[in-house]
Every structure is written in C-alpha cells, then in structure tokens.
$ cat model-v9.pdb   # PDB, N, CA and C atoms
ATOM      1  N   MET A   1     108.553 102.665 123.374
ATOM      2  CA  MET A   1     108.047 103.772 124.156
ATOM      3  C   MET A   1     109.016 104.954 124.069
ATOM      4  N   GLN A   2     108.502 106.134 123.819
ATOM      5  CA  GLN A   2     109.330 107.321 123.662
ATOM      6  C   GLN A   2     109.498 108.031 124.998
ATOM      7  N   ASP A   3     110.716 108.436 125.275
ATOM      8  CA  ASP A   3     111.037 109.148 126.505
ATOM      9  C   ASP A   3     110.743 110.633 126.311
ATOM     10  N   ASN A   4     109.795 111.189 127.073
ATOM     11  CA  ASN A   4     109.430 112.599 126.943
ATOM     12  C   ASN A   4     110.586 113.520 127.299
ATOM     13  N   ASN A   5     111.463 113.094 128.202
ATOM     14  CA  ASN A   5     112.629 113.908 128.539
ATOM     15  C   ASN A   5     113.559 114.067 127.350
ATOM     16  N   TYR A   6     113.609 113.060 126.481
ATOM     17  CA  TYR A   6     114.431 113.132 125.271
ATOM     18  C   TYR A   6     113.988 114.311 124.416
ATOM     19  N   ASN A   7     112.695 114.475 124.195
ATOM     20  CA  ASN A   7     112.179 115.587 123.393
ATOM     21  C   ASN A   7     112.474 116.931 124.043
ATOM     22  N   ASP A   8     112.401 117.012 125.366
ATOM     23  CA  ASP A   8     112.685 118.258 126.065
ATOM     24  C   ASP A   8     114.145 118.670 125.893
ATOM     25  N   LYS A   9     115.060 117.705 125.904
ATOM     26  CA  LYS A   9     116.479 118.001 125.790
ATOM     27  C   LYS A   9     116.822 118.616 124.431
ATOM     28  N   PHE A  10     116.099 118.206 123.393
ATOM     29  CA  PHE A  10     116.454 118.615 122.044
ATOM     30  C   PHE A  10     115.405 119.503 121.396
ATOM     31  N   SER A  11     114.584 120.150 122.187
ATOM     32  CA  SER A  11     113.579 121.041 121.618
ATOM     33  C   SER A  11     114.244 122.304 121.086
ATOM     34  N   GLU A  12     113.559 122.982 120.198
ATOM     35  CA  GLU A  12     114.066 124.210 119.582
ATOM     36  C   GLU A  12     114.300 125.265 120.641
ATOM     37  N   ARG A  13     115.516 125.817 120.691
ATOM     38  CA  ARG A  13     115.844 126.810 121.709
ATOM     39  C   ARG A  13     116.309 128.125 121.097
ATOM     40  N   ARG A  14     116.340 128.234 119.764
ATOM     41  CA  ARG A  14     116.743 129.499 119.161
ATOM     42  C   ARG A  14     115.632 130.517 119.349
ATOM     43  N   SER A  15     116.025 131.781 119.464
ATOM     44  CA  SER A  15     115.054 132.826 119.782
ATOM     45  C   SER A  15     114.155 133.181 118.607
ATOM     46  N   GLU A  16     114.604 132.970 117.395
ATOM     47  CA  GLU A  16     113.828 133.319 116.210
ATOM     48  C   GLU A  16     113.172 132.072 115.614
ATOM     49  N   GLN A  17     111.969 132.210 115.150
ATOM     50  CA  GLN A  17     111.295 131.143 114.419
ATOM     51  C   GLN A  17     112.041 130.883 113.112
ATOM     52  N   ARG A  18     112.297 129.641 112.760
ATOM     53  CA  ARG A  18     112.974 129.295 111.526
ATOM     54  C   ARG A  18     111.954 128.933 110.458
ATOM     55  N   ASN A  19     112.275 129.301 109.216
ATOM     56  CA  ASN A  19     111.408 129.038 108.072
ATOM     57  C   ASN A  19     112.216 128.378 106.973
ATOM     58  N   ASP A  20     111.561 128.009 105.892
ATOM     59  CA  ASP A  20     112.279 127.536 104.716
ATOM     60  C   ASP A  20     113.171 128.653 104.214
ATOM     61  N   ALA A  21     114.142 128.303 103.397
ATOM     62  CA  ALA A  21     115.086 129.289 102.887
ATOM     63  C   ALA A  21     114.450 130.255 101.903
ATOM     64  N   GLY A  22     113.168 130.114 101.652
ATOM     65  CA  GLY A  22     112.487 131.070 100.792
ATOM     66  C   GLY A  22     112.952 130.987  99.368
ATOM     67  N   GLN A  23     113.143 132.139  98.765
ATOM     68  CA  GLN A  23     113.474 132.167  97.348
ATOM     69  C   GLN A  23     114.919 131.752  97.058
ATOM     70  N   TYR A  24     115.808 131.813  98.036
ATOM     71  CA  TYR A  24     117.220 131.491  97.801
ATOM     72  C   TYR A  24     117.547 130.076  98.256
ATOM     73  N   GLN A  25     118.250 129.361  97.386
ATOM     74  CA  GLN A  25     118.634 127.980  97.677
ATOM     75  C   GLN A  25     120.104 127.860  98.070
ATOM     76  N   SER A  26     120.936 128.714  97.466
ATOM     77  CA  SER A  26     122.371 128.663  97.731
ATOM     78  C   SER A  26     122.976 130.044  97.523
ATOM     79  N   VAL A  27     124.212 130.184  97.984
ATOM     80  CA  VAL A  27     124.909 131.462  97.869
ATOM     81  C   VAL A  27     126.366 131.199  97.487
ATOM     82  N   GLN A  28     126.880 132.068  96.635
ATOM     83  CA  GLN A  28     128.281 131.997  96.209
ATOM     84  C   GLN A  28     128.986 133.257  96.671
ATOM     85  N   LEU A  29     130.194 133.090  97.234
ATOM     86  CA  LEU A  29     130.932 134.268  97.645
ATOM     87  C   LEU A  29     132.395 134.134  97.304
ATOM     88  N   THR A  30     132.986 135.276  97.047
ATOM     89  CA  THR A  30     134.414 135.376  96.797
ATOM     90  C   THR A  30     134.980 136.303  97.858
ATOM     91  N   VAL A  31     136.078 135.892  98.448
ATOM     92  CA  VAL A  31     136.696 136.683  99.507
ATOM     93  C   VAL A  31     138.076 137.123  99.023
ATOM     94  N   PRO A  32     138.376 138.426  99.151
ATOM     95  CA  PRO A  32     139.716 138.892  98.776
ATOM     96  C   PRO A  32     140.787 138.089  99.519
ATOM     97  N   GLY A  33     141.814 137.674  98.791
ATOM     98  CA  GLY A  33     142.893 136.892  99.391
ATOM     99  C   GLY A  33     142.771 135.399  99.140
ATOM    100  N   LEU A  34     141.639 134.974  98.629
ATOM    101  CA  LEU A  34     141.453 133.560  98.296
ATOM    102  C   LEU A  34     141.291 133.427  96.777
ATOM    103  N   PRO A  35     141.895 132.404  96.173
ATOM    104  CA  PRO A  35     141.920 132.305  94.712
ATOM    105  C   PRO A  35     140.624 131.826  94.056
ATOM    106  N   SER A  36     139.712 131.278  94.825
ATOM    107  CA  SER A  36     138.501 130.745  94.207
ATOM    108  C   SER A  36     137.260 131.203  94.962
ATOM    109  N   PHE A  37     136.107 130.892  94.388
ATOM    110  CA  PHE A  37     134.852 131.233  95.053
ATOM    111  C   PHE A  37     134.383 130.039  95.871
ATOM    112  N   TYR A  38     133.448 130.301  96.780
ATOM    113  CA  TYR A  38     132.862 129.268  97.632
ATOM    114  C   TYR A  38     131.358 129.277  97.429
ATOM    115  N   MET A  39     130.770 128.101  97.420
ATOM    116  CA  MET A  39     129.330 127.947  97.229
ATOM    117  C   MET A  39     128.778 127.194  98.429
ATOM    118  N   PHE A  40     127.675 127.716  99.004
ATOM    119  CA  PHE A  40     127.068 127.105 100.176
ATOM    120  C   PHE A  40     125.567 126.980  99.988
ATOM    121  N   LYS A  41     125.019 125.914 100.513
ATOM    122  CA  LYS A  41     123.568 125.766 100.597
ATOM    123  C   LYS A  41     123.066 126.639 101.737
ATOM    124  N   ILE A  42     121.938 127.287 101.528
ATOM    125  CA  ILE A  42     121.310 128.051 102.595
ATOM    126  C   ILE A  42     120.426 127.084 103.373
ATOM    127  N   TRP A  43     120.718 126.937 104.664
ATOM    128  CA  TRP A  43     120.020 125.940 105.468
ATOM    129  C   TRP A  43     118.719 126.432 106.053
ATOM    130  N   ASN A  44     118.687 127.636 106.577
ATOM    131  CA  ASN A  44     117.448 128.133 107.161
ATOM    132  C   ASN A  44     117.527 129.642 107.289
ATOM    133  N   ILE A  45     116.413 130.247 107.532
ATOM    134  CA  ILE A  45     116.402 131.694 107.734
ATOM    135  C   ILE A  45     115.489 132.030 108.898
ATOM    136  N   SER A  46     115.730 133.181 109.474
ATOM    137  CA  SER A  46     114.810 133.751 110.452
ATOM    138  C   SER A  46     114.312 135.043 109.843
ATOM    139  N   SER A  47     113.531 135.793 110.577
ATOM    140  CA  SER A  47     113.046 137.060 110.042
ATOM    141  C   SER A  47     114.188 138.068 109.896
ATOM    142  N   LYS A  48     115.330 137.789 110.504
ATOM    143  CA  LYS A  48     116.452 138.728 110.472
ATOM    144  C   LYS A  48     117.601 138.286 109.585
ATOM    145  N   GLY A  49     117.550 137.112 108.994
ATOM    146  CA  GLY A  49     118.656 136.682 108.156
ATOM    147  C   GLY A  49     118.631 135.208 107.864
ATOM    148  N   MET A  50     119.713 134.713 107.271
ATOM    149  CA  MET A  50     119.813 133.307 106.902
ATOM    150  C   MET A  50     121.133 132.741 107.382
ATOM    151  N   CYS A  51     121.299 131.437 107.233
ATOM    152  CA  CYS A  51     122.446 130.756 107.806
ATOM    153  C   CYS A  51     123.049 129.788 106.800
ATOM    154  N   ILE A  52     124.386 129.721 106.786
ATOM    155  CA  ILE A  52     125.095 128.711 106.011
ATOM    156  C   ILE A  52     126.001 127.938 106.966
ATOM    157  N   LEU A  53     126.449 126.769 106.537
ATOM    158  CA  LEU A  53     127.364 125.941 107.323
ATOM    159  C   LEU A  53     128.729 125.950 106.665
ATOM    160  N   VAL A  54     129.770 126.160 107.471
ATOM    161  CA  VAL A  54     131.138 126.155 106.974
ATOM    162  C   VAL A  54     131.935 125.169 107.822
ATOM    163  N   LYS A  55     132.643 124.247 107.172
ATOM    164  CA  LYS A  55     133.451 123.273 107.909
ATOM    165  C   LYS A  55     134.537 123.987 108.704
ATOM    166  N   HIS A  56     134.846 123.434 109.869
ATOM    167  CA  HIS A  56     135.800 124.061 110.788
ATOM    168  C   HIS A  56     137.187 124.267 110.187
ATOM    169  N   ASP A  57     137.570 123.457 109.216
ATOM    170  CA  ASP A  57     138.908 123.559 108.635
ATOM    171  C   ASP A  57     138.917 124.259 107.279
ATOM    172  N   SER A  58     137.824 124.891 106.913
ATOM    173  CA  SER A  58     137.748 125.599 105.638
ATOM    174  C   SER A  58     138.603 126.865 105.678
ATOM    175  N   ALA A  59     139.349 127.101 104.611
ATOM    176  CA  ALA A  59     140.217 128.284 104.524
ATOM    177  C   ALA A  59     139.425 129.580 104.594
ATOM    178  N   ILE A  60     138.180 129.549 104.196
ATOM    179  CA  ILE A  60     137.386 130.782 104.169
ATOM    180  C   ILE A  60     137.121 131.340 105.565
ATOM    181  N   LEU A  61     137.100 130.498 106.581
ATOM    182  CA  LEU A  61     136.815 130.975 107.949
ATOM    183  C   LEU A  61     137.808 132.030 108.422
ATOM    184  N   LYS A  62     139.059 131.912 108.017
ATOM    185  CA  LYS A  62     140.078 132.882 108.427
ATOM    186  C   LYS A  62     139.850 134.246 107.791
ATOM    187  N   HIS A  63     139.009 134.303 106.770
ATOM    188  CA  HIS A  63     138.780 135.536 106.017
ATOM    189  C   HIS A  63     137.419 136.169 106.284
ATOM    190  N   LEU A  64     136.605 135.530 107.099
ATOM    191  CA  LEU A  64     135.282 136.073 107.432
ATOM    192  C   LEU A  64     135.303 136.645 108.840
ATOM    193  N   LYS A  65     134.748 137.832 108.987
ATOM    194  CA  LYS A  65     134.651 138.472 110.296
ATOM    195  C   LYS A  65     133.231 139.009 110.473
ATOM    196  N   VAL A  66     132.739 138.942 111.693
ATOM    197  CA  VAL A  66     131.432 139.510 111.993
ATOM    198  C   VAL A  66     131.474 140.995 111.637
ATOM    199  N   GLY A  67     130.457 141.445 110.933
ATOM    200  CA  GLY A  67     130.382 142.837 110.507
ATOM    201  C   GLY A  67     130.853 143.062 109.080
ATOM    202  N   ASP A  68     131.585 142.106 108.501
ATOM    203  CA  ASP A  68     132.021 142.234 107.107
ATOM    204  C   ASP A  68     130.820 142.372 106.192
ATOM    205  N   LYS A  69     130.966 143.201 105.161
ATOM    206  CA  LYS A  69     129.952 143.307 104.110
ATOM    207  C   LYS A  69     130.589 142.843 102.811
ATOM    208  N   LEU A  70     129.980 141.843 102.197
ATOM    209  CA  LEU A  70     130.504 141.238 100.982
ATOM    210  C   LEU A  70     129.428 141.182  99.907
ATOM    211  N   GLN A  71     129.861 141.248  98.652
ATOM    212  CA  GLN A  71     128.937 141.003  97.545
ATOM    213  C   GLN A  71     128.812 139.490  97.398
ATOM    214  N   MET A  72     127.602 138.990  97.468
ATOM    215  CA  MET A  72     127.356 137.557  97.330
ATOM    216  C   MET A  72     126.314 137.336  96.252
ATOM    217  N   THR A  73     126.459 136.217  95.555
ATOM    218  CA  THR A  73     125.500 135.860  94.518
ATOM    219  C   THR A  73     124.573 134.791  95.065
ATOM    220  N   TYR A  74     123.291 135.110  95.111
ATOM    221  CA  TYR A  74     122.268 134.192  95.611
ATOM    222  C   TYR A  74     121.589 133.517  94.431
ATOM    223  N   PHE A  75     121.367 132.205  94.558
ATOM    224  CA  PHE A  75     120.741 131.428  93.501
ATOM    225  C   PHE A  75     119.367 130.937  93.935
ATOM    226  N   THR A  76     118.434 130.975  92.997
ATOM    227  CA  THR A  76     117.073 130.493  93.241
ATOM    228  C   THR A  76     116.815 129.289  92.347
ATOM    229  N   ASP A  77     115.676 128.677  92.522
ATOM    230  CA  ASP A  77     115.274 127.614  91.601
ATOM    231  C   ASP A  77     114.205 128.131  90.636
ATOM    232  N   SER A  78     114.050 129.437  90.566
ATOM    233  CA  SER A  78     113.060 130.063  89.697
ATOM    234  C   SER A  78     113.614 130.226  88.281
ATOM    235  N   PRO A  79     112.875 129.809  87.271
ATOM    236  CA  PRO A  79     113.344 129.997  85.894
ATOM    237  C   PRO A  79     113.339 131.472  85.472
ATOM    238  N   GLN A  80     112.553 132.307  86.126
ATOM    239  CA  GLN A  80     112.505 133.730  85.788
ATOM    240  C   GLN A  80     113.739 134.489  86.280
ATOM    241  N   LYS A  81     114.261 134.106  87.412
ATOM    242  CA  LYS A  81     115.409 134.811  87.988
ATOM    243  C   LYS A  81     116.281 133.788  88.701
ATOM    244  N   THR A  82     117.357 133.379  88.038
ATOM    245  CA  THR A  82     118.169 132.300  88.598
ATOM    246  C   THR A  82     119.208 132.766  89.614
ATOM    247  N   SER A  83     119.657 134.030  89.512
ATOM    248  CA  SER A  83     120.628 134.523  90.490
ATOM    249  C   SER A  83     120.475 136.024  90.676
ATOM    250  N   GLU A  84     121.026 136.482  91.802
ATOM    251  CA  GLU A  84     120.940 137.892  92.164
ATOM    252  C   GLU A  84     122.148 138.229  93.024
ATOM    253  N   GLU A  85     122.858 139.315  92.693
ATOM    254  CA  GLU A  85     124.010 139.738  93.481
ATOM    255  C   GLU A  85     123.563 140.773  94.503
ATOM    256  N   LEU A  86     123.849 140.492  95.785
ATOM    257  CA  LEU A  86     123.377 141.342  96.867
ATOM    258  C   LEU A  86     124.479 141.579  97.893
ATOM    259  N   THR A  87     124.514 142.770  98.455
ATOM    260  CA  THR A  87     125.437 143.067  99.548
ATOM    261  C   THR A  87     124.919 142.372 100.801
ATOM    262  N   THR A  88     125.808 141.653 101.469
ATOM    263  CA  THR A  88     125.421 140.823 102.604
ATOM    264  C   THR A  88     126.376 141.062 103.765
ATOM    265  N   ARG A  89     125.817 141.148 104.949
ATOM    266  CA  ARG A  89     126.605 141.361 106.172
ATOM    267  C   ARG A  89     126.724 140.047 106.933
ATOM    268  N   ILE A  90     127.922 139.760 107.451
ATOM    269  CA  ILE A  90     128.134 138.605 108.325
ATOM    270  C   ILE A  90     127.632 139.004 109.711
ATOM    271  N   GLU A  91     126.583 138.351 110.174
ATOM    272  CA  GLU A  91     125.960 138.689 111.459
ATOM    273  C   GLU A  91     126.579 137.951 112.639
ATOM    274  N   HIS A  92     126.925 136.704 112.438
ATOM    275  CA  HIS A  92     127.566 135.923 113.504
ATOM    276  C   HIS A  92     128.298 134.754 112.900
ATOM    277  N   ILE A  93     129.277 134.262 113.639
ATOM    278  CA  ILE A  93     129.996 133.038 113.286
ATOM    279  C   ILE A  93     130.027 132.219 114.567
ATOM    280  N   THR A  94     129.246 131.154 114.581
ATOM    281  CA  THR A  94     129.031 130.386 115.806
ATOM    282  C   THR A  94     129.450 128.937 115.591
ATOM    283  N   GLN A  95     130.316 128.426 116.450
ATOM    284  CA  GLN A  95     130.748 127.042 116.350
ATOM    285  C   GLN A  95     129.642 126.117 116.837
ATOM    286  N   ASN A  96     129.362 125.103 116.044
ATOM    287  CA  ASN A  96     128.377 124.092 116.419
ATOM    288  C   ASN A  96     129.147 122.914 117.000
ATOM    289  N   GLN A  97     129.001 122.671 118.298
ATOM    290  CA  GLN A  97     129.833 121.696 118.984
ATOM    291  C   GLN A  97     129.199 120.325 119.159
ATOM    292  N   ALA A  98     127.950 120.169 118.758
ATOM    293  CA  ALA A  98     127.303 118.869 118.931
ATOM    294  C   ALA A  98     126.222 118.692 117.879
ATOM    295  N   GLY A  99     125.783 117.470 117.733
ATOM    296  CA  GLY A  99     124.675 117.189 116.848
ATOM    297  C   GLY A  99     125.084 116.940 115.410
ATOM    298  N   ARG A 100     124.112 117.049 114.553
ATOM    299  CA  ARG A 100     124.273 116.720 113.131
ATOM    300  C   ARG A 100     125.403 117.503 112.459
ATOM    301  N   PHE A 101     125.605 118.743 112.842
ATOM    302  CA  PHE A 101     126.593 119.589 112.182
ATOM    303  C   PHE A 101     127.817 119.869 113.053
ATOM    304  N   GLU A 102     128.137 118.922 113.926
ATOM    305  CA  GLU A 102     129.331 119.047 114.746
ATOM    306  C   GLU A 102     130.540 119.212 113.826
ATOM    307  N   GLY A 103     131.451 120.109 114.201
ATOM    308  CA  GLY A 103     132.620 120.363 113.374
ATOM    309  C   GLY A 103     132.390 121.420 112.306
ATOM    310  N   HIS A 104     131.269 122.084 112.369
ATOM    311  CA  HIS A 104     130.942 123.168 111.435
ATOM    312  C   HIS A 104     130.704 124.467 112.210
ATOM    313  N   TYR A 105     130.787 125.550 111.475
ATOM    314  CA  TYR A 105     130.400 126.850 112.015
ATOM    315  C   TYR A 105     129.128 127.298 111.318
ATOM    316  N   LEU A 106     128.220 127.863 112.074
ATOM    317  CA  LEU A 106     127.016 128.482 111.532
ATOM    318  C   LEU A 106     127.368 129.936 111.259
ATOM    319  N   VAL A 107     127.202 130.373 110.033
ATOM    320  CA  VAL A 107     127.517 131.745 109.662
ATOM    321  C   VAL A 107     126.206 132.428 109.303
ATOM    322  N   GLY A 108     125.824 133.405 110.111
ATOM    323  CA  GLY A 108     124.587 134.133 109.896
ATOM    324  C   GLY A 108     124.794 135.241 108.884
ATOM    325  N   LEU A 109     123.900 135.322 107.903
ATOM    326  CA  LEU A 109     123.976 136.315 106.830
ATOM    327  C   LEU A 109     122.743 137.187 106.864
ATOM    328  N   SER A 110     122.946 138.457 106.563
ATOM    329  CA  SER A 110     121.829 139.387 106.477
ATOM    330  C   SER A 110     122.025 140.250 105.239
ATOM    331  N   ILE A 111     121.045 140.240 104.357
ATOM    332  CA  ILE A 111     121.108 141.058 103.155
ATOM    333  C   ILE A 111     120.867 142.507 103.565
ATOM    334  N   THR A 112     121.782 143.385 103.144
ATOM    335  CA  THR A 112     121.661 144.799 103.540
ATOM    336  C   THR A 112     121.092 145.645 102.425
TER     337      THR A 112
END

$ encode --input "model-v9.pdb" --output "structure tokens"
Amino acid sequence: MQDNNYNDKFSERRSEQRNDAGQYQSVQLTVPGLPSFYMFKIWNISSKGMCILVKHDSAILKHLKVGDKLQMTYFTDSPQKTSEELTTRIEHITQNQAGRFEGHYLVGLSIT
C-alpha cells in the first residue's frame, strides 16, 4: 500500500515546468585559471535556462560566480550539427542538500 503523504512530501516544487534537455545533451566549458576543460551532462531545462550538476569538491566551483558570462560548447546528438559554441550566463549556484544529488551543486545556465 502506498502512503499518499509520501507523494506529497516529494512532489515537484520548482516554479518552472521542467522539460527534456532539448537539442543539447552536454556542455563543455573552460574557465580561466584552470588547466583543463570540464564536461557536464545537461540534466533538465526550464523555459528560462538549463541546469548542470557539479560535485561539491570540484575545483571549478571556486571559479564560477553568478552573473559570469562564459563561452561554452554545447553538444547535440544530431549528425547535422554536433556542437555549437554559445555565450552562457551563470544564473544560480544552488547546493543540493538531500536526495539523489546530495553533495552536488545545481548550476543554472542561460544562453545569452
């Protein structure tokens, strides 16, 4: 028997409707001051942007700030266009303290 209160506790509470990641599957970024690039899977998007997960102990977190604009390379699974370089703004950096992605930060991205 399923507890209805269980579903209420974990229902979707984000203000924006989430969709599939659309045409982009992953993103690569290089940050000044770090010797290598970083590649992330795009987990979800809203009508205002998309989100990646960054581990709490990743060196890149010290180099990302809300409002930063970076050139990022977005990858698709389309044979016609496999990648695209786009200017992207960091919209938010939010610590996820519980659940499946505990110990990660959600980094909101918006293509400008």

$ closest_residue --input "model-v9.pdb" --among "A:Cys51, A:Gln28, A:Phe101, A:Gln23" --to "A:Gln71" --atoms "only N, CA and C atoms"
A:Gln28

$ resolve_selection --input "model-v9.pdb" --expression "the PyMOL selection byres ((chain A and resi 73) around 8)" --output "list in words"
Ser26, Val27, Gln28, Leu29, Thr30, Leu70, Gln71, Met72, Tyr74, Phe75, Thr76, Thr82, Ser83, Glu84, Glu85, Leu86 and Thr87 of chain A

$ closest_residue --input "model-v9.pdb" --among "A:Ile93, A:Leu34, A:Ile111, A:Ala98" --to "A:Leu53" --atoms "only C-alpha atoms"
A:Ile93

$ residues_around --input "model-v9.pdb" --residues "A:Asn96" --least-positions-apart "4" --cutoff "5 Å" --atoms "all atoms listed in the file" --output "MDAnalysis selection string"
chainID A and resid 102:106

$ atom_distance --input "model-v9.pdb" --atom1 "atom CA of A:Pro35" --atom2 "atom CA of A:Leu109"
22.0 Å

$ residues_around --input "model-v9.pdb" --residues "A:Ile90" --least-positions-apart "5" --cutoff "7 Å" --atoms "only N, CA and C atoms" --output "ChimeraX atom specification"
/A:65-70,107-110

$ write_last_selection --input "model-v9.pdb" --atoms "N, CA and C atoms" --output "short mmCIF file (atom, residue, chain, number, x, y, z; two decimals), keeping the file's coordinate frame"
data_model
loop_
_atom_site.label_atom_id
_atom_site.label_comp_id
_atom_site.auth_asym_id
_atom_site.auth_seq_id
_atom_site.Cartn_x
_atom_site.Cartn_y
_atom_site.Cartn_z
N LYS A 65 134.75 137.83 108.99
CA LYS A 65 134.65 138.47 110.30
C LYS A 65 133.23 139.01 110.47
N VAL A 66 132.74 138.94 111.69
CA VAL A 66 131.43 139.51 111.99
C VAL A 66 131.47 141.00 111.64
N GLY A 67 130.46 141.44 110.93
CA GLY A 67 130.38 142.84 110.51
C GLY A 67 130.85 143.06 109.08
N ASP A 68 131.58 142.11 108.50
CA ASP A 68 132.02 142.23 107.11
C ASP A 68 130.82 142.37 106.19
N LYS A 69 130.97 143.20 105.16
CA LYS A 69 129.95 143.31 104.11
C LYS A 69 130.59 142.84 102.81
N LEU A 70 129.98 141.84 102.20
CA LEU A 70 130.50 141.24 100.98
C LEU A 70 129.43 141.18 99.91
N VAL A 107 127.20 130.37 110.03
CA VAL A 107 127.52 131.74 109.66
C VAL A 107 126.21 132.43 109.30
N GLY A 108 125.82 133.40 110.11
CA GLY A 108 124.59 134.13 109.90
C GLY A 108 124.79 135.24 108.88
N LEU A 109 123.90 135.32 107.90
CA LEU A 109 123.98 136.32 106.83
C LEU A 109 122.74 137.19 106.86
N SER A 110 122.95 138.46 106.56
CA SER A 110 121.83 139.39 106.48
C SER A 110 122.02 140.25 105.24
#

$ atom_distance --input "model-v9.pdb" --atom1 "atom N of A:Gln25" --atom2 "atom CA of A:Asp57"
24.2 Å

$ atom_distance --input "model-v9.pdb" --atom1 "atom CA of A:Ile42" --atom2 "atom CA of A:Thr88"
13.4 Å

$ resolve_selection --input "model-v9.pdb" --expression "the PyMOL selection byres ((chain A and resi 63) around 8)" --output "VMD selection string"
chain A and resid 31 to 34 58 to 62 64 to 66
